[in-house]
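So the structure is just underneath, and the comments pick up after that.
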Amino acid sequence: MILRSSSNRSVVLKMKEKTIEKKDLSGFIDSLLEEYQVFAPTIAEGIPRFDRISSSTQVSLDSPKLERSPKEVFFPQCETLFTYQLIDGKMTMEEPPALESERVLLFVRPCDVKALTLMDSVFTSWEPKDTNYLDKREKTIIVGRACSRPWSTCFCTSLGVDPFGKEGMDLVFEDIGDKYVVEALTERGGKIIDGSSLFKDAEKKDLENLKEVSKKATEAIRSELDVKEIEKKLKAIYDDSFWGKVSEKCVGCGVCSYLCPVCHCFDVQDEGTELKGKRVRIWDACQYPIFTLHASGHNPRTSSRERIRQRMMHKFSYFIENFGELACVGCGRCIKGCPGNMDIREVLTGIMATEAD
Amino acid sequence: MSEPRDQIREHARRLLDEGKVEVIIGYEKGSVPLQSTPCFVRDADNVERLIWDSTCGPNLAKYLFDREGKTGIVAKACDARSIVVGIVENQIEREDVVVIGVPCEGVIDLKKIDAVLDGKEILEASMDNDKVSVKGDGFEQILSKKEFLCDSCISCRHRNPPVYDILAGDELEETKESDEFEEISKLEAKSPEERWNHFSKELGKCIRCYACRNVCPLCYCKECFVDETMPSWCGKTTDLSDTMTYHIIRALHIAGRCVDCGACSRACPEDIDLRALTKKVEKIVRELYDYEPGLSLEELPVLGIFEQDDPQEFIK
Amino acid sequence: MTSVEIKSESKKIEDMDKEWEPKVLAFLCNWCSYAGADLAGIGRIQYPPNIRVIRVPCSGRVNPFFLIKSLQCGIDGILVSGCHPGECHYVSGNLVARRRFAVLKSLMEYIGIEPGRLNFSWVSAAEGEKFSRVVSEVVKEVKALGPVKRLVKGE
C-alpha cells in the first residue's frame with residue numbers, strides 16, 4: 001500500500017517490550033500533551049468517543065459502552081474542502097491549511113486500527129489521493145491498545161482480526177492488570193516513549209502474564225462465524241429472494257454506517273451564496289433512499305432489498321475485489337446501534353446458508 | 001385466559017391459515033438480550049417465533065405504510081394509535097389491515113438499565129411480570145421493571161389500543177399517576193436563554209443519522225424536507241443551526257400527529273432527549289385544540305382543519 | 001425567495017445606516033395586508049423603513065420553513081400578515097394558517113427564540129393605519145431585542 005511504503009510506518013521494529021505502571025499513565029499522557037495534539041477516548045455528553053484532550057483526566061479507558069470508532073479523527077463527519085469568496089469582482093478560493101504539528105491518537109482497539117488501514121486503501125491507494133485524509137493520517141501516531149475486554153457483539157476473530165493484533169499501530173499498550181506492557185512497533189511509536197523514565201524494561205513474568213491475558217480475551221469472544229469465500233457466495237445469490245426477507249425490517253436510517261469504523265461514503269454539499277461560501281463533505285449512508293437518487297429522478301436502488309444487498313456486497317465482495325480484504329472488522333457497533341436490532345452476524349450466517357436459486 | 005403471547009400466536013395462525021392475511025408483522029426475540037426485533041411471519045408454521053413482552057419496543061406501524069396486500073399486525077396501544085393516524089391521513093387502508101391489539105404495560109428502556117449497570121454487559125436476561133433479571137460476567141441483578149420503563153410509557157395514558165380487530169390479552173386499567181407533562185413544565189419554567197442553551201446542547205449532539213425520522217411511522221413523506229435540494233431548506237451539515245432546524249421542523253411536522261410512542265428517543269444513538277420536543281408539541285395541541293391524535297377513526301388531522309373561534313391572542 | 005435573495009436584501013438594509021437597525025421581513029397576503037401597505041403608502045402614513053416585503057398569495061402559503069430559514073440567514077424579525085378571519089380570498093387559508101402559526105410560535109419560544117422575533121397580524125386592504133401601527137410596533141420590539149443570534153447559521 002502506498003501510504004505505508006511512503007512513510008516510516010512500514011519500518012517494523014523489533015524493540016524490547018517495556019512496561020508502565022497504570023498509575024503513571026496520566027503522567028505519560030500529560031507529557032505527550034506538551035508536545036502533541038492528543039486524541040483519546042473520552043466521554044462527551046454520556047457518549048464515549050475519541051476526542052482531542054487537554055488533560056489526562058479526560059481520558060476514559062473503562063467506558064461503560066463501546067466507544068465510537070476513531071474514524072472521525074481522520075474523516076470528520078463534516079469537513080470543509082474549500083471556501084470561496086468574491087472580493088472586488090475576483091473569486092478567491094482557499095483550501096483549509098494542512099495540520100501544523102503531529103498528533104497522537106491514543107488507545108485504539110485493534111479492530112479500529114484495522115479499519116483505519118482499510119480506509120487507507122480507499123482514500124490513499126489510488127489516484128488522486130484524498131489529501132484531506134492523507135494529511136491527518138500521516139501526521140498521526142497511532143497508539144493501540146490490546147483489547148482485553150471484548151463485548152458480547154464482537155466477532156472480530158471470525159473476520160481475521162486479532163484482539164491482540166498490532167497491525168497498523170505505531171505503539172501498543174497491553175493491559176496485564178496493574179501495568180501495561182508497551183511495545184514500540186515503528187520508529188515513530190518508539191519516539192514518543194524514548195527518554196521517558198516511566199517505562200521500564202518488561203520482565204519475563206510480565207510477558208507471561210500478557211500471554212495469558214491475550215489467550216483469555218480471544219476466548220472471550222463468543223461469536224463464531226464462518227465467512228469463508230463469502231464473496232463467491234454473494235455473487236451466486238445476488239438475485240436470491242433472501243435479500244427481500246433479510247431487508248424487510250430495515251427502516252433505512254444511517255446508524256449502521258455512521259457507527260461503522262470502515263464505512264467511508266460521503267456526500268458533497270455546497271453551502272453559501274454567489275458571494276461567499278464553502279464546499280463541505282459530510283458522511284453519507286447507503287441505506288438512505290436518496291443515496292443513489294439520480295438527477296433525472298431515477299433511483300437504481302429502489303427498496304431496502306437493493307440497499308441492504310449493496311451494503312453486504314460492498315463490505316464482503318466488492319471490497320475484496322478492489323483491495324483483497326473484507327470491509328468489516330467485526331466490532332459489532334452496528335448490532336447494538338440498529339433500532340430494529342438487525343444483526344449483521346445473522347445476515348452473514350443467512351448468506352452462507354443460502355443456496356443459490 | 002392464556003397469555004397475550006399465546007393468544008397472538010393463535011390468532012396469527014388462524015389468520016394465516018384462513019388466508020385472511022398474507023403476513024403477520026410482530027416481534028421476535030432479538031439477538032441482544034432484552035431486545036426484540038420486528039418479525040414477518042408468512043407461514044402458519046412459524047407463528048412460534050412471535051413473542052410479546054416488555055422488550056417489544058419498535059413501533060411496527062412503520063411497516064404498514066407503503067405496504068400492499070392484507071396484513072396482520074401486532075399493535076400495542078401506541079402502535080395502534082399510529083395506525084389510526086395513518087388511516088385518517090389516507091396512508092393505510094383500514095380493510096387491508098387486521099390489527100391484533102395488545103394492552104401494554106410499557107416497554108423497557110435498555111439505556112436506563114445500561115446506566116445502572118455501569119459498564120457491565122448483560123449476557124443473559126429474563127423477565128416476569130414486574131422483574132427483570134440480568135446476568136453477565138460475574139454479576140447477577142434483579143431489577144424492578146417499573147423503574148426501567150421508557151419515559152413515554154411512564155407517562156402513558158392509553159395502555160389499551162383504541163382501535164383493533166382482535167384483542168390479545170385483557171384490557172388494562174388506565175393510569176394517571178404522574179403528570180405526563182412534568183418534564184415539559186420544568187423546561188417551560190426556565191428562561192428563554194436557559195432553554196436555548198438546553199436545546200443547543202441536546203440537539204448539538206445530533207449526528208444526522210435520521211434514525212428518529214426513519215423509525216417514526218408518521219414520517220412517511222416520499223421526500224423529507226431535509227433531502228430536498230431545490231430549494232434546500234435545511235443544510236445537511238452538523239452545524240448547530242442546521243441540526244436545530246431539522247429537529248424543529250420535524251417536531252412541527254408531527255404536531256397533532258405524534259402519539260408519543262417513544263420510538264425516536266429509543267432509536268437515537270446519541271441519547272438525545274427528543275421527547276422534550278415531541279411532548280411539547282403534543283402539549284401545545286392539547287391546550288389549544290383539546291386534541292389527542294390516534295384515538296378515533298372519525299377525526300380529521302387537527303392541523304388540517306380549523307374552528308372559527310380558534311385561539312388567536314398572539315395575532316396582532 | 002432564495003437564501004441568496006434574502007441575504008442580499010438584508011445587506012441592502014444593513015448599508016442604509018451605520019447605526020444598527022433591525023432587518024425585518026414581512027410576508028404579506030396579496031389580497032389584504034399587501035394592499036394595506038399600499039394604502040399606507042398612498043395615504044402618506046409613516047412607518048419605519050426596516051421592513052422588506054415578500055408578497056404571498058395567502059397567509060396560508062407561508063410555510064414555517066420561510067420563517068426558520070429567515071432566522072438562519074440573520075433576519076432579526078419577521079411579520080406575517082393576512083386577512084381577518086372570514087375574509088380569506090380562498091375562504092379558509094388564513095384559518096388553517098392560524099393553527100399552524102400558533103404551534104410554530106409556541107414551539108419557537110419554547111426552544112428559546114425570543115417572542116418578539118416572530119409576529120403575526122391580520123390587516124385588511126382598508127387598514128393602512130393599522131399596517132403602519134403593526135410595523136412600527138414590530139420594528140420597535142425587534143430593535144429592543146437587538147440583532148438575532150440564536151439559530152443564525154455561522155459562516
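Labeling convention for the C-alpha cells: chains A, B, ... as they appear, residues from 1 per chain, ligands from 1 in order of appearance.
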**Which of region 46-146 of chain A DSSP labels helix (DSSP H, G or I), written as a PyMOL selection string** = chain A and resi 56-58+71-74+110-124+131-138
For chain B against chain C, which residues fall within 7 Å using only C-alpha atoms, given as a PDB file with N, CA, C and O atoms, in the first residue's frame?
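As a result, out_24.pdb now contains:
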ATOM      1  N   GLU B 188     -40.346  24.685  30.650  1.00  0.00           N
ATOM      2  CA  GLU B 188     -41.086  25.928  30.387  1.00  0.00           C
ATOM      3  C   GLU B 188     -40.809  26.974  31.457  1.00  0.00           C
ATOM      4  O   GLU B 188     -40.845  28.176  31.192  1.00  0.00           O
ATOM      5  N   PRO B 192     -35.870  31.961  28.580  1.00  0.00           N
ATOM      6  CA  PRO B 192     -35.613  31.618  27.176  1.00  0.00           C
ATOM      7  C   PRO B 192     -34.142  31.281  26.948  1.00  0.00           C
ATOM      8  O   PRO B 192     -33.820  30.355  26.199  1.00  0.00           O
ATOM      9  N   GLU B 193     -33.280  32.004  27.623  1.00  0.00           N
ATOM     10  CA  GLU B 193     -31.854  31.752  27.427  1.00  0.00           C
ATOM     11  C   GLU B 193     -31.460  30.365  27.930  1.00  0.00           C
ATOM     12  O   GLU B 193     -30.733  29.640  27.255  1.00  0.00           O
ATOM     13  N   ARG B 195     -33.398  27.840  28.184  1.00  0.00           N
ATOM     14  CA  ARG B 195     -33.984  26.841  27.277  1.00  0.00           C
ATOM     15  C   ARG B 195     -33.159  26.741  26.001  1.00  0.00           C
ATOM     16  O   ARG B 195     -32.911  25.662  25.486  1.00  0.00           O
ATOM     17  N   TRP B 196     -32.752  27.896  25.503  1.00  0.00           N
ATOM     18  CA  TRP B 196     -31.930  27.884  24.292  1.00  0.00           C
ATOM     19  C   TRP B 196     -30.642  27.089  24.534  1.00  0.00           C
ATOM     20  O   TRP B 196     -30.241  26.262  23.719  1.00  0.00           O
ATOM     21  N   PHE B 199     -31.425  23.328  24.653  1.00  0.00           N
ATOM     22  CA  PHE B 199     -31.658  22.692  23.357  1.00  0.00           C
ATOM     23  C   PHE B 199     -30.418  22.735  22.468  1.00  0.00           C
ATOM     24  O   PHE B 199     -30.202  21.833  21.661  1.00  0.00           O
ATOM     25  N   TRP B 233     -33.991  23.605   2.131  1.00  0.00           N
ATOM     26  CA  TRP B 233     -34.478  24.334   3.307  1.00  0.00           C
ATOM     27  C   TRP B 233     -33.582  24.149   4.508  1.00  0.00           C
ATOM     28  O   TRP B 233     -33.562  24.962   5.413  1.00  0.00           O
ATOM     29  N   SER B 241     -27.077  25.251  13.768  1.00  0.00           N
ATOM     30  CA  SER B 241     -28.256  25.877  13.183  1.00  0.00           C
ATOM     31  C   SER B 241     -29.025  24.887  12.300  1.00  0.00           C
ATOM     32  O   SER B 241     -30.259  24.846  12.308  1.00  0.00           O
ATOM     33  N   LEU B 252     -42.528  20.115  14.237  1.00  0.00           N
ATOM     34  CA  LEU B 252     -43.714  20.775  13.692  1.00  0.00           C
ATOM     35  C   LEU B 252     -44.502  19.827  12.794  1.00  0.00           C
ATOM     36  O   LEU B 252     -45.726  19.821  12.796  1.00  0.00           O
ATOM     37  N   VAL B 281     -44.934  19.608  21.548  1.00  0.00           N
ATOM     38  CA  VAL B 281     -45.947  19.875  20.508  1.00  0.00           C
ATOM     39  C   VAL B 281     -47.267  19.172  20.855  1.00  0.00           C
ATOM     40  O   VAL B 281     -48.344  19.695  20.589  1.00  0.00           O
ATOM     41  N   ILE B 284     -48.892  21.522  23.268  1.00  0.00           N
ATOM     42  CA  ILE B 284     -49.432  22.714  22.608  1.00  0.00           C
ATOM     43  C   ILE B 284     -50.776  22.382  21.965  1.00  0.00           C
ATOM     44  O   ILE B 284     -51.771  23.071  22.152  1.00  0.00           O
ATOM     45  N   LEU B 303     -54.280  19.780  12.424  1.00  0.00           N
ATOM     46  CA  LEU B 303     -53.690  20.960  11.804  1.00  0.00           C
ATOM     47  C   LEU B 303     -54.153  21.137  10.354  1.00  0.00           C
ATOM     48  O   LEU B 303     -53.705  22.025   9.657  1.00  0.00           O
ATOM     49  N   GLY B 304     -55.063  20.288   9.917  1.00  0.00           N
ATOM     50  CA  GLY B 304     -55.600  20.436   8.576  1.00  0.00           C
ATOM     51  C   GLY B 304     -56.994  21.048   8.620  1.00  0.00           C
ATOM     52  O   GLY B 304     -57.610  21.277   7.590  1.00  0.00           O
ATOM     53  N   ILE B 305     -57.504  21.231   9.835  1.00  0.00           N
ATOM     54  CA  ILE B 305     -58.851  21.796   9.973  1.00  0.00           C
ATOM     55  C   ILE B 305     -58.767  23.054  10.835  1.00  0.00           C
ATOM     56  O   ILE B 305     -57.687  23.468  11.230  1.00  0.00           O
ATOM     57  N   PHE B 306     -59.937  23.671  11.126  1.00  0.00           N
ATOM     58  CA  PHE B 306     -59.929  24.886  11.940  1.00  0.00           C
ATOM     59  C   PHE B 306     -61.307  25.088  12.548  1.00  0.00           C
ATOM     60  O   PHE B 306     -62.285  24.444  12.141  1.00  0.00           O
ATOM     61  N   ILE B 315     -52.002  36.991  17.660  1.00  0.00           N
ATOM     62  CA  ILE B 315     -52.065  37.719  16.391  1.00  0.00           C
ATOM     63  C   ILE B 315     -52.431  39.172  16.648  1.00  0.00           C
ATOM     64  O   ILE B 315     -53.397  39.456  17.362  1.00  0.00           O
ATOM     65  N   LYS B 316     -51.574  40.049  16.082  1.00  0.00           N
ATOM     66  CA  LYS B 316     -51.809  41.494  16.325  1.00  0.00           C
ATOM     67  C   LYS B 316     -53.019  41.981  15.547  1.00  0.00           C
ATOM     68  O   LYS B 316     -53.252  41.554  14.454  1.00  0.00           O
TER      69      LYS B 316
END
Give me the chain B side of the contact with chain A, cut-off 7 Å, one line per residue showing its nearest atom pair and distance in Å at one decimal, counting only C-alpha atoms, sorted by chain and residue number, as CSV.
residue,atom,partner,partner_atom,distance
B:Gly30,CA,A:Asn341,CA,6.4
B:Ser31,CA,A:Asp343,CA,6.8
B:Thr37,CA,A:Asn341,CA,5.5
B:Pro38,CA,A:Lys249,CA,6.1
B:Pro58,CA,A:Gly340,CA,6.9
B:Asp118,CA,A:Pro64,CA,5.5
B:Gly119,CA,A:Pro64,CA,3.3
B:Lys120,CA,A:Pro64,CA,6.9
B:Leu123,CA,A:Ser152,CA,6.9
B:Cys209,CA,A:Gly254,CA,4.5
B:Tyr210,CA,A:Cys253,CA,5.5
B:Ala211,CA,A:Cys253,CA,4.8
B:Asn214,CA,A:Cys253,CA,5.7
B:Val215,CA,A:Val251,CA,6.2
B:Thr237,CA,A:Cys78,CA,6.1
B:Thr238,CA,A:Cys78,CA,6.6
B:Ala267,CA,A:Pro339,CA,4.9
B:Pro269,CA,A:Gly337,CA,6.3
B:Glu270,CA,A:Ile47,CA,6.8
Write the residues of the preceding selection, restricted to N, CA, C and O atoms, as a short mmCIF file (atom, residue, chain, number, x, y, z; two decimals), in the first residue's frame.
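Contents of again05.cif, freshly written:
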data_model
loop_
_atom_site.label_atom_id
_atom_site.label_comp_id
_atom_site.auth_asym_id
_atom_site.auth_seq_id
_atom_site.Cartn_x
_atom_site.Cartn_y
_atom_site.Cartn_z
N GLY B 30 -34.82 -10.80 19.91
CA GLY B 30 -33.69 -10.20 19.20
C GLY B 30 -32.40 -10.93 19.50
O GLY B 30 -32.36 -11.87 20.28
N SER B 31 -31.32 -10.47 18.89
CA SER B 31 -30.04 -11.16 19.07
C SER B 31 -29.28 -10.62 20.28
O SER B 31 -28.26 -11.16 20.66
N THR B 37 -37.01 -7.85 17.96
CA THR B 37 -36.79 -7.37 16.60
C THR B 37 -38.06 -7.63 15.79
O THR B 37 -38.77 -8.61 16.05
N PRO B 38 -38.38 -6.74 14.85
CA PRO B 38 -39.58 -6.96 14.05
C PRO B 38 -39.50 -8.29 13.29
O PRO B 38 -38.42 -8.69 12.87
N PRO B 58 -40.11 -1.45 19.28
CA PRO B 58 -40.26 -0.80 17.97
C PRO B 58 -41.73 -0.61 17.58
O PRO B 58 -42.55 -1.49 17.81
N ASP B 118 -23.47 0.29 34.84
CA ASP B 118 -22.18 0.95 34.86
C ASP B 118 -21.10 0.17 34.11
O ASP B 118 -20.03 -0.12 34.64
N GLY B 119 -21.41 -0.19 32.90
CA GLY B 119 -20.38 -0.80 32.06
C GLY B 119 -20.40 -2.32 32.05
O GLY B 119 -19.78 -2.94 31.20
N LYS B 120 -21.11 -2.90 33.02
CA LYS B 120 -21.19 -4.36 32.98
C LYS B 120 -22.16 -4.73 31.86
O LYS B 120 -23.21 -4.11 31.71
N LEU B 123 -25.42 -10.42 29.49
CA LEU B 123 -25.23 -11.54 28.56
C LEU B 123 -26.48 -12.42 28.50
O LEU B 123 -26.71 -13.12 27.52
N CYS B 209 -28.21 11.07 11.62
CA CYS B 209 -28.34 9.71 11.05
C CYS B 209 -29.78 9.46 10.64
O CYS B 209 -30.08 8.47 9.97
N TYR B 210 -30.69 10.32 11.11
CA TYR B 210 -32.12 10.24 10.77
C TYR B 210 -32.79 8.97 11.29
O TYR B 210 -33.83 8.56 10.78
N ALA B 211 -32.21 8.36 12.32
CA ALA B 211 -32.87 7.20 12.92
C ALA B 211 -34.22 7.62 13.49
O ALA B 211 -35.21 6.91 13.36
N ASN B 214 -36.61 7.90 10.64
CA ASN B 214 -36.90 6.65 9.93
C ASN B 214 -37.64 5.60 10.75
O ASN B 214 -38.29 4.74 10.19
N VAL B 215 -37.53 5.66 12.08
CA VAL B 215 -38.32 4.71 12.87
C VAL B 215 -39.73 5.24 13.10
O VAL B 215 -40.60 4.50 13.53
N THR B 237 -25.28 19.66 7.08
CA THR B 237 -24.09 19.53 7.92
C THR B 237 -24.49 19.37 9.38
O THR B 237 -25.67 19.41 9.72
N THR B 238 -23.49 19.20 10.23
CA THR B 238 -23.77 19.09 11.66
C THR B 238 -23.67 20.45 12.34
O THR B 238 -23.58 20.53 13.55
N ALA B 267 -34.43 5.09 19.54
CA ALA B 267 -33.56 4.81 18.40
C ALA B 267 -32.32 5.69 18.38
O ALA B 267 -31.32 5.34 17.78
N PRO B 269 -28.95 7.18 18.61
CA PRO B 269 -27.68 6.66 19.10
C PRO B 269 -26.96 7.65 20.02
O PRO B 269 -26.03 7.28 20.72
N GLU B 270 -27.38 8.90 20.02
CA GLU B 270 -26.73 9.90 20.85
C GLU B 270 -27.53 10.21 22.11
O GLU B 270 -27.22 11.16 22.84
#
**Close residues, Tyr47 (chain C) itself excluded, 12 Å, only C-alpha atoms, min 3 positions apart in chain, as a VMD selection string** = chain C and resid 37 40 to 41 43 to 44 50 to 51 128 to 140
**Message:** I need the residues in region 130-233 of chain B that are strand (DSSP E or B) according to DSSP; give them as a list in words.
**Reply:** Lys131, Val132, Ser133, Val134, Lys135, Gly136, Phe139, Glu140, Gln141, Ile142, Leu143, Ser144, Leu149, Ile166 and Leu167 of chain B
**Message:** Distance cut-off 9 Å, counting only C-alpha atoms - which residues of chain A neighbour chain C? Return them as a PyMOL selection string.
**Reply:** chain A and resi 272-278
Write the residues of the selection above to a file with all heavy atoms, as a PDB file, in the first residue's frame.
ATOM      1  N   GLY A 272     -23.676  28.331   0.757  1.00  0.00           N
ATOM      2  CA  GLY A 272     -23.329  29.734   0.657  1.00  0.00           C
ATOM      3  C   GLY A 272     -24.067  30.411  -0.477  1.00  0.00           C
ATOM      4  O   GLY A 272     -25.070  29.903  -0.989  1.00  0.00           O
ATOM      5  N   THR A 273     -23.571  31.556  -0.864  1.00  0.00           N
ATOM      6  CA  THR A 273     -24.222  32.357  -1.903  1.00  0.00           C
ATOM      7  C   THR A 273     -23.234  32.556  -3.044  1.00  0.00           C
ATOM      8  O   THR A 273     -22.138  31.985  -3.022  1.00  0.00           O
ATOM      9  CB  THR A 273     -24.593  33.734  -1.353  1.00  0.00           C
ATOM     10  OG1 THR A 273     -23.384  34.433  -1.043  1.00  0.00           O
ATOM     11  CG2 THR A 273     -25.437  33.618  -0.104  1.00  0.00           C
ATOM     12  N   GLU A 274     -23.634  33.407  -4.006  1.00  0.00           N
ATOM     13  CA  GLU A 274     -22.708  33.662  -5.102  1.00  0.00           C
ATOM     14  C   GLU A 274     -21.530  34.532  -4.633  1.00  0.00           C
ATOM     15  O   GLU A 274     -20.548  34.686  -5.339  1.00  0.00           O
ATOM     16  CB  GLU A 274     -23.445  34.314  -6.291  1.00  0.00           C
ATOM     17  CG  GLU A 274     -23.850  35.764  -6.088  1.00  0.00           C
ATOM     18  CD  GLU A 274     -25.174  35.928  -5.349  1.00  0.00           C
ATOM     19  OE1 GLU A 274     -25.532  35.040  -4.549  1.00  0.00           O
ATOM     20  OE2 GLU A 274     -25.845  36.947  -5.556  1.00  0.00           O
ATOM     21  N   LEU A 275     -21.635  35.080  -3.418  1.00  0.00           N
ATOM     22  CA  LEU A 275     -20.575  35.959  -2.925  1.00  0.00           C
ATOM     23  C   LEU A 275     -19.546  35.224  -2.077  1.00  0.00           C
ATOM     24  O   LEU A 275     -18.373  35.574  -2.051  1.00  0.00           O
ATOM     25  CB  LEU A 275     -21.183  37.088  -2.079  1.00  0.00           C
ATOM     26  CG  LEU A 275     -22.233  37.953  -2.767  1.00  0.00           C
ATOM     27  CD1 LEU A 275     -22.866  38.908  -1.773  1.00  0.00           C
ATOM     28  CD2 LEU A 275     -21.595  38.728  -3.920  1.00  0.00           C
ATOM     29  N   LYS A 276     -20.021  34.220  -1.382  1.00  0.00           N
ATOM     30  CA  LYS A 276     -19.182  33.644  -0.350  1.00  0.00           C
ATOM     31  C   LYS A 276     -19.743  32.275   0.025  1.00  0.00           C
ATOM     32  O   LYS A 276     -20.969  32.121   0.061  1.00  0.00           O
ATOM     33  CB  LYS A 276     -19.270  34.562   0.876  1.00  0.00           C
ATOM     34  CG  LYS A 276     -18.252  34.343   1.937  1.00  0.00           C
ATOM     35  CD  LYS A 276     -18.486  35.373   3.025  1.00  0.00           C
ATOM     36  CE  LYS A 276     -17.518  35.158   4.162  1.00  0.00           C
ATOM     37  NZ  LYS A 276     -17.808  36.032   5.284  1.00  0.00           N
ATOM     38  N   GLY A 277     -18.886  31.338   0.302  1.00  0.00           N
ATOM     39  CA  GLY A 277     -19.425  30.059   0.724  1.00  0.00           C
ATOM     40  C   GLY A 277     -18.348  29.003   0.846  1.00  0.00           C
ATOM     41  O   GLY A 277     -17.151  29.316   0.861  1.00  0.00           O
ATOM     42  N   LYS A 278     -18.791  27.786   0.941  1.00  0.00           N
ATOM     43  CA  LYS A 278     -17.822  26.709   1.095  1.00  0.00           C
ATOM     44  C   LYS A 278     -18.370  25.414   0.517  1.00  0.00           C
ATOM     45  O   LYS A 278     -19.577  25.253   0.339  1.00  0.00           O
ATOM     46  CB  LYS A 278     -17.468  26.520   2.566  1.00  0.00           C
ATOM     47  CG  LYS A 278     -18.655  26.156   3.433  1.00  0.00           C
ATOM     48  CD  LYS A 278     -18.240  26.093   4.898  1.00  0.00           C
ATOM     49  CE  LYS A 278     -19.434  25.805   5.776  1.00  0.00           C
ATOM     50  NZ  LYS A 278     -19.145  25.812   7.201  1.00  0.00           N
TER      51      LYS A 278
END
**Message:** Using only C-alpha atoms, which protein or nucleic acid residues come within 7 Å of region 133-142 of chain A? Drop anything in the same chain fewer than 4 positions from it, and give the result as a list in words.
**Reply:** Phe74, Phe75, Ala98, Leu99, Glu102, Arg103, Val104, Leu105, Leu106, Phe123, Thr124, Met169, Asp170, Leu171, Arg188 and Gly189 of chain A
For Arg94 (chain B): contacts at 12 Å, only C-alpha atoms, fewer than 2 positions along chain excluded, given as a compact mmCIF listing (two decimals) with N, CA, C and O atoms, in the first residue's frame:
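Below you can see around_5.txt, which holds the result:
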# COMPACT_ATOMS: atom_id res chain seq x y z
N LEU B 64 -46.50 -0.61 7.96
CA LEU B 64 -47.78 -0.68 7.25
C LEU B 64 -47.87 0.35 6.13
O LEU B 64 -48.63 0.19 5.17
N PHE B 65 -47.08 1.42 6.30
CA PHE B 65 -47.13 2.46 5.29
C PHE B 65 -46.45 1.93 4.04
O PHE B 65 -45.41 1.27 4.13
N GLY B 69 -51.31 -5.36 0.05
CA GLY B 69 -51.80 -6.68 0.45
C GLY B 69 -52.30 -6.67 1.88
O GLY B 69 -52.05 -5.75 2.64
N LYS B 70 -53.05 -7.72 2.20
CA LYS B 70 -53.64 -7.82 3.54
C LYS B 70 -52.57 -8.15 4.57
O LYS B 70 -51.78 -9.08 4.40
N THR B 71 -52.57 -7.39 5.62
CA THR B 71 -51.52 -7.53 6.62
C THR B 71 -52.11 -7.61 8.02
O THR B 71 -52.99 -6.82 8.37
N GLY B 72 -51.63 -8.56 8.79
CA GLY B 72 -51.97 -8.60 10.21
C GLY B 72 -50.84 -7.97 10.99
O GLY B 72 -49.68 -8.15 10.63
N ALA B 80 -51.10 1.11 17.66
CA ALA B 80 -52.46 1.16 17.12
C ALA B 80 -52.86 2.61 16.85
O ALA B 80 -53.52 2.92 15.86
N ILE B 83 -51.39 3.67 13.73
CA ILE B 83 -52.15 3.10 12.60
C ILE B 83 -53.39 3.96 12.34
O ILE B 83 -53.72 4.26 11.19
N VAL B 84 -54.03 4.39 13.43
CA VAL B 84 -55.23 5.23 13.27
C VAL B 84 -54.85 6.51 12.52
O VAL B 84 -55.54 6.92 11.58
N VAL B 85 -53.74 7.14 12.92
CA VAL B 85 -53.31 8.36 12.23
C VAL B 85 -53.06 8.05 10.74
O VAL B 85 -53.48 8.81 9.86
N GLY B 86 -52.45 6.91 10.48
CA GLY B 86 -52.18 6.51 9.10
C GLY B 86 -53.46 6.34 8.29
O GLY B 86 -53.54 6.71 7.12
N ILE B 87 -54.49 5.80 8.94
CA ILE B 87 -55.76 5.60 8.25
C ILE B 87 -56.45 6.95 8.01
O ILE B 87 -56.91 7.25 6.92
N VAL B 88 -56.45 7.78 9.07
CA VAL B 88 -57.07 9.10 8.98
C VAL B 88 -56.41 9.93 7.87
O VAL B 88 -57.06 10.68 7.17
N GLU B 89 -55.11 9.74 7.72
CA GLU B 89 -54.39 10.52 6.71
C GLU B 89 -54.35 9.81 5.35
O GLU B 89 -53.56 10.18 4.47
N ASN B 90 -55.17 8.80 5.20
CA ASN B 90 -55.28 8.08 3.92
C ASN B 90 -54.00 7.43 3.45
O ASN B 90 -53.72 7.37 2.26
N GLN B 91 -53.19 6.96 4.41
CA GLN B 91 -51.97 6.28 4.04
C GLN B 91 -52.11 4.77 4.20
O GLN B 91 -51.32 4.00 3.65
N ILE B 92 -53.07 4.38 5.01
CA ILE B 92 -53.30 2.95 5.24
C ILE B 92 -54.77 2.68 4.97
O ILE B 92 -55.63 3.46 5.39
N ASP B 96 -57.39 -3.30 4.69
CA ASP B 96 -56.20 -4.10 4.37
C ASP B 96 -55.46 -4.57 5.62
O ASP B 96 -54.49 -5.31 5.55
N VAL B 97 -55.91 -4.06 6.78
CA VAL B 97 -55.15 -4.33 7.99
C VAL B 97 -56.00 -5.08 9.01
O VAL B 97 -57.15 -4.73 9.25
N VAL B 98 -55.42 -6.12 9.58
CA VAL B 98 -56.05 -6.77 10.72
C VAL B 98 -55.20 -6.43 11.94
O VAL B 98 -54.03 -6.84 12.03
N VAL B 99 -55.77 -5.65 12.83
CA VAL B 99 -55.00 -5.19 13.98
C VAL B 99 -55.20 -6.15 15.15
O VAL B 99 -56.31 -6.32 15.65
N VAL B 163 -58.25 1.22 18.71
CA VAL B 163 -58.87 0.57 17.56
C VAL B 163 -58.17 -0.77 17.35
O VAL B 163 -56.95 -0.84 17.39
N TYR B 164 -58.94 -1.81 17.21
CA TYR B 164 -58.35 -3.13 16.93
C TYR B 164 -59.40 -4.04 16.34
O TYR B 164 -60.60 -3.75 16.43
N ASP B 165 -58.95 -5.14 15.75
CA ASP B 165 -59.89 -6.15 15.26
C ASP B 165 -59.98 -7.30 16.23
O ASP B 165 -61.03 -7.90 16.42
N LEU B 297 -61.12 6.97 14.49
CA LEU B 297 -61.04 6.94 13.03
C LEU B 297 -61.88 8.05 12.40
O LEU B 297 -61.76 8.34 11.22
**Prompt:** Skipping near chain neighbours, those fewer than 2 positions away, what residues fall within 12 Å of Gly27 (chain A) using only C-alpha atoms, listed as a list in words?
**Reply:** Ile20, Glu21, Lys22, Lys23, Asp24, Leu25, Ile29, Asp30, Ser31, Leu32, Leu33, Glu34, Ser55, Ser56, Thr57, Ile193, Ser196, Ser197, Leu198 and Phe199 of chain A
Could you give me, as JSON lines, every region 176-291 of chain B residue with an atom at most 7 Å from region 145-162 of chain B, plus its closest atom pair and distance in Å to one decimal, counting only C-alpha atoms, rows ordered by chain then number?
{"residue": "B:Lys176", "atom": "CA", "partner": "B:Arg157", "partner_atom": "CA", "distance": 6.5}
{"residue": "B:Ser178", "atom": "CA", "partner": "B:Ser155", "partner_atom": "CA", "distance": 6.5}
{"residue": "B:Glu180", "atom": "CA", "partner": "B:Ser155", "partner_atom": "CA", "distance": 4.6}
{"residue": "B:Asp260", "atom": "CA", "partner": "B:Ser152", "partner_atom": "CA", "distance": 6.2}
{"residue": "B:Cys261", "atom": "CA", "partner": "B:Ser152", "partner_atom": "CA", "distance": 6.4}
{"residue": "B:Gly262", "atom": "CA", "partner": "B:Ser152", "partner_atom": "CA", "distance": 5.5}
